[in-house]
Structures are given as C-alpha cells and as structure tokens.
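S.K.: See entry_0.cif below, with mmCIF, C-alpha atoms.
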data_my_file
loop_
_atom_site.label_atom_id
_atom_site.label_comp_id
_atom_site.auth_asym_id
_atom_site.auth_seq_id
_atom_site.Cartn_x
_atom_site.Cartn_y
_atom_site.Cartn_z
CA GLN A 1 -18.50 5.55 -6.91
CA VAL A 2 -14.86 5.30 -5.94
CA GLN A 3 -13.65 2.00 -4.53
CA LEU A 4 -10.24 0.85 -3.43
CA VAL A 5 -10.21 -2.82 -2.48
CA GLU A 6 -7.14 -4.30 -0.82
CA SER A 7 -6.30 -7.98 -0.75
CA GLY A 8 -3.38 -10.26 -0.02
CA GLY A 9 -2.97 -9.76 3.71
CA GLY A 10 -2.59 -12.61 6.15
CA LEU A 11 -0.35 -14.37 8.63
CA VAL A 12 3.29 -14.90 7.67
CA GLN A 13 6.39 -15.97 9.56
CA PRO A 14 9.30 -13.58 10.13
CA GLY A 15 11.50 -13.46 7.05
CA GLY A 16 8.60 -14.35 4.79
CA SER A 17 6.96 -12.45 1.95
CA LEU A 18 3.53 -11.18 1.01
CA ARG A 19 2.16 -9.21 -1.91
CA LEU A 20 -0.71 -6.80 -1.31
CA SER A 21 -3.00 -5.71 -4.11
CA CYS A 22 -5.24 -2.67 -4.42
CA ALA A 23 -7.92 -2.74 -7.09
CA ALA A 24 -9.30 0.69 -7.96
CA SER A 25 -12.55 1.66 -9.63
CA GLY A 26 -14.38 4.92 -10.19
CA ILE A 27 -11.22 7.01 -10.74
CA SER A 28 -8.97 7.90 -13.66
CA PHE A 29 -6.36 5.61 -12.19
CA SER A 30 -3.36 6.54 -14.30
CA PHE A 31 -3.47 10.15 -13.09
CA TYR A 32 -3.49 9.30 -9.39
CA LYS A 33 -0.61 8.98 -6.96
CA MET A 34 -1.07 5.63 -5.27
CA GLY A 35 0.18 4.77 -1.84
CA TRP A 36 0.27 2.22 0.94
CA TYR A 37 0.03 3.24 4.58
CA ARG A 38 -0.19 1.16 7.70
CA GLN A 39 -1.48 1.46 11.23
CA ALA A 40 -0.47 -0.75 14.13
CA PRO A 41 -2.53 -0.93 17.35
CA GLY A 42 -1.98 2.16 19.47
CA LYS A 43 0.07 3.90 16.80
CA GLU A 44 -0.58 6.56 14.19
CA ARG A 45 -1.04 5.71 10.54
CA GLU A 46 2.32 5.90 8.77
CA LEU A 47 3.62 6.02 5.23
CA VAL A 48 4.81 2.75 3.75
CA ALA A 49 5.30 3.66 0.10
CA THR A 50 3.92 5.83 -2.68
CA ILE A 51 4.17 5.77 -6.46
CA SER A 52 3.32 8.77 -8.58
CA ALA A 53 1.60 8.85 -11.95
CA SER A 54 5.07 9.05 -13.51
CA ARG A 55 6.13 6.04 -11.38
CA THR A 56 8.39 7.94 -9.02
CA THR A 57 8.51 5.97 -5.79
CA ASN A 58 8.99 6.95 -2.17
CA TYR A 59 9.40 4.67 0.85
CA GLY A 60 9.21 4.95 4.59
CA ASP A 61 12.60 4.50 6.24
CA SER A 62 11.58 1.30 8.02
CA VAL A 63 10.74 -0.55 4.79
CA LYS A 64 13.43 0.69 2.40
CA GLY A 65 15.19 -2.19 0.70
CA ARG A 66 12.52 -4.71 1.76
CA PHE A 67 9.29 -3.46 0.19
CA THR A 68 8.56 -2.53 -3.43
CA ILE A 69 5.55 -0.61 -4.72
CA PHE A 70 4.44 -0.86 -8.32
CA ARG A 71 1.36 -0.20 -10.41
CA ASP A 72 -0.41 -1.56 -13.45
CA ASN A 73 -2.44 1.20 -15.08
CA ALA A 74 -4.11 -1.19 -17.51
CA GLU A 75 -5.41 -3.26 -14.58
CA LYS A 76 -6.10 -0.16 -12.44
CA ALA A 77 -4.18 -1.79 -9.63
CA ALA A 78 -1.36 -0.98 -7.24
CA TYR A 79 0.76 -3.54 -5.48
CA LEU A 80 3.09 -3.79 -2.52
CA GLN A 81 5.65 -6.57 -2.54
CA MET A 82 6.84 -7.14 1.01
CA ASN A 83 9.96 -9.22 1.62
CA SER A 84 11.99 -10.02 4.72
CA LEU A 85 8.98 -9.30 6.89
CA LYS A 86 9.50 -8.51 10.55
CA PRO A 87 7.11 -8.70 13.52
CA GLU A 88 7.12 -4.90 13.62
CA ASP A 89 5.55 -4.87 10.16
CA THR A 90 2.35 -6.19 11.74
CA ALA A 91 -0.41 -3.67 11.03
CA VAL A 92 -3.50 -2.94 9.00
CA TYR A 93 -2.34 -1.84 5.54
CA TYR A 94 -4.39 0.75 3.68
CA CYS A 95 -4.38 1.65 0.01
CA ASN A 96 -4.57 5.36 -0.84
CA ALA A 97 -5.31 7.23 -4.08
CA LYS A 98 -4.58 10.94 -4.25
CA LEU A 99 -4.99 13.60 -6.94
CA GLU A 100 -5.16 17.30 -6.02
CA THR A 101 -8.05 17.55 -3.53
CA ASN A 102 -9.26 14.01 -4.17
CA ASN A 103 -8.05 11.61 -1.48
CA TYR A 104 -9.47 8.08 -1.19
CA TRP A 105 -8.82 5.16 1.15
CA GLY A 106 -9.49 1.47 1.06
CA GLN A 107 -10.90 -0.50 3.97
CA GLY A 108 -7.55 -2.04 4.90
CA THR A 109 -6.08 -5.51 5.04
CA GLN A 110 -4.46 -7.10 8.08
CA VAL A 111 -0.84 -8.25 7.91
CA THR A 112 0.45 -10.24 10.85
CA VAL A 113 4.08 -11.32 11.08
CA SER A 114 4.54 -13.92 13.76
CA SER A 115 6.08 -17.32 14.36
#
The structure given in the file should be rewritten as structure tokens.
M.R.:
Amino acid sequence: QVQLVESGGGLVQPGGSLRLSCAASGISFSFYKMGWYRQAPGKERELVATISASRTTNYGDSVKGRFTIFRDNAEKAAYLQMNSLKPEDTAVYYCNAKLETNNYWGQGTQVTVSS
C-alpha cells in the first residue's frame, strides 16, 4: 500500500520559515519524481516544486529563490524548506510521487502565513 504522509505545516508569521516533510512508503522511492503542490481556497492546485530521481529541481515562479526542495532516498523522504513566507503562501500543501503512469498524493498539510 502506497502512503505519502506530510508533516510540518502550521501557523507562521510573514517572513518566517517552515520545513515540510513527506514520508513515503510502498514505492521504490529513489526512482520517483517527487513534488510539492498547493491549493488555496477557491483556487486551483498549483505546482510549488519538483525534484527528479536525478535531483533536477523545478520551481513555480512565485516561490523561486524562497523555497528549496530536496530528498533523502535513504529515508524515503522529500522535504520543502520554505523561507521568507508571505500571506499568499497560505494553502494546503500536498506531496506528490510520480513515475510513468503511477501518480500518488498525500493527504495534505495546512500552511497559514499570518500575523
């Protein structure tokens, strides 16, 4: 059974930092492209960042220079370091694992940026 479990969300003030974690099980983790997506109320789900099996990274325009995605294949985990957070970063953040036709999602973790 495939599971992606996110953690690390919460309430943070503007300018603050958070690190999200995604623990994977049930997949050959090192072969998968891992990603973070987010969805704010009333908006479509959007790309935050992805990291390929070869560790090539890609970021959404709104987070470039502020967020960093990385992975630990030994721990079967992907991470999203979020710095200089803004109120518009408020959303539910979802972990994604993709390989060919296999596409899995976590349950999401809430990030709220507010003073």
S.K.: So that I can see what lies close to region 98-112 of chain A, please list as a ChimeraX atom specification the residues with an atom at most 10 Å from it, counting all atoms listed in the file and leaving out residues fewer than 5 positions away in the same chain.
M.R.: /A:2-14,18,20-24,27-29,31-40,52-53,85-93
S.K.: With all atoms listed in the file counted, which protein, DNA or RNA residues have an atom no more than 6 Å from (-2.6, 3.3, -19.2) in the file frame? Please answer as a list of chain:residue names.
M.R.: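 Taken together, the residues in range are A:Ser30, A:Asn73, A:Ala74.
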S.K.: Could you check which of A:Ile69, A:Cys95, A:Met82, A:Val113 is closest to Ala49 (chain A), using all atoms listed in the file?
M.R.: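 Checking each of A:Ile69, A:Cys95, A:Met82, A:Val113 against Ala49 (chain A), counting all atoms listed in the file, the winner is A:Ile69.
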S.K.: I'd like to see the residues matched by the PyMOL selection byres ((chain A and resi 84) around 6) on this file, and ideally I'd get them as a PDB file with C-alpha atoms, keeping the file's coordinate frame.
M.R.:
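The resulting result.pdb:
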ATOM      1  CA  GLY A  15      11.500 -13.460   7.050  1.00  0.00           C
ATOM      2  CA  GLY A  16       8.600 -14.350   4.790  1.00  0.00           C
ATOM      3  CA  ASN A  83       9.960  -9.220   1.620  1.00  0.00           C
ATOM      4  CA  LEU A  85       8.980  -9.300   6.890  1.00  0.00           C
TER       5      LEU A  85
END
S.K.: Go ahead and compute the interatomic distance for CA of Gln1 (chain A) and CA of Leu80 (chain A), in Å to one decimal.
M.R.: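 Going from CA of Gln1 (chain A) over to CA of Leu80 (chain A) covers 23.9 Å.
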S.K.: So the first atom is CA of Thr50 (chain A) and the second is CA of Ser115 (chain A); what is the distance between them in Å, to one decimal place?
M.R.: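 Interatomic distance here is 28.8 Å.
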S.K.: If I put a ball of radius 10 Å at (4.6, 10.6, 5.6) in the file's coordinates, which residues poke into it when counting all atoms listed in the file, written as a ChimeraX atom specification?
M.R.: /A:37,45-50,58-60
S.K.: Using CA of Arg55 (chain A) and CA of Tyr94 (chain A) as the two end points, give the distance in Å to one decimal.
M.R.: 19.1 Å
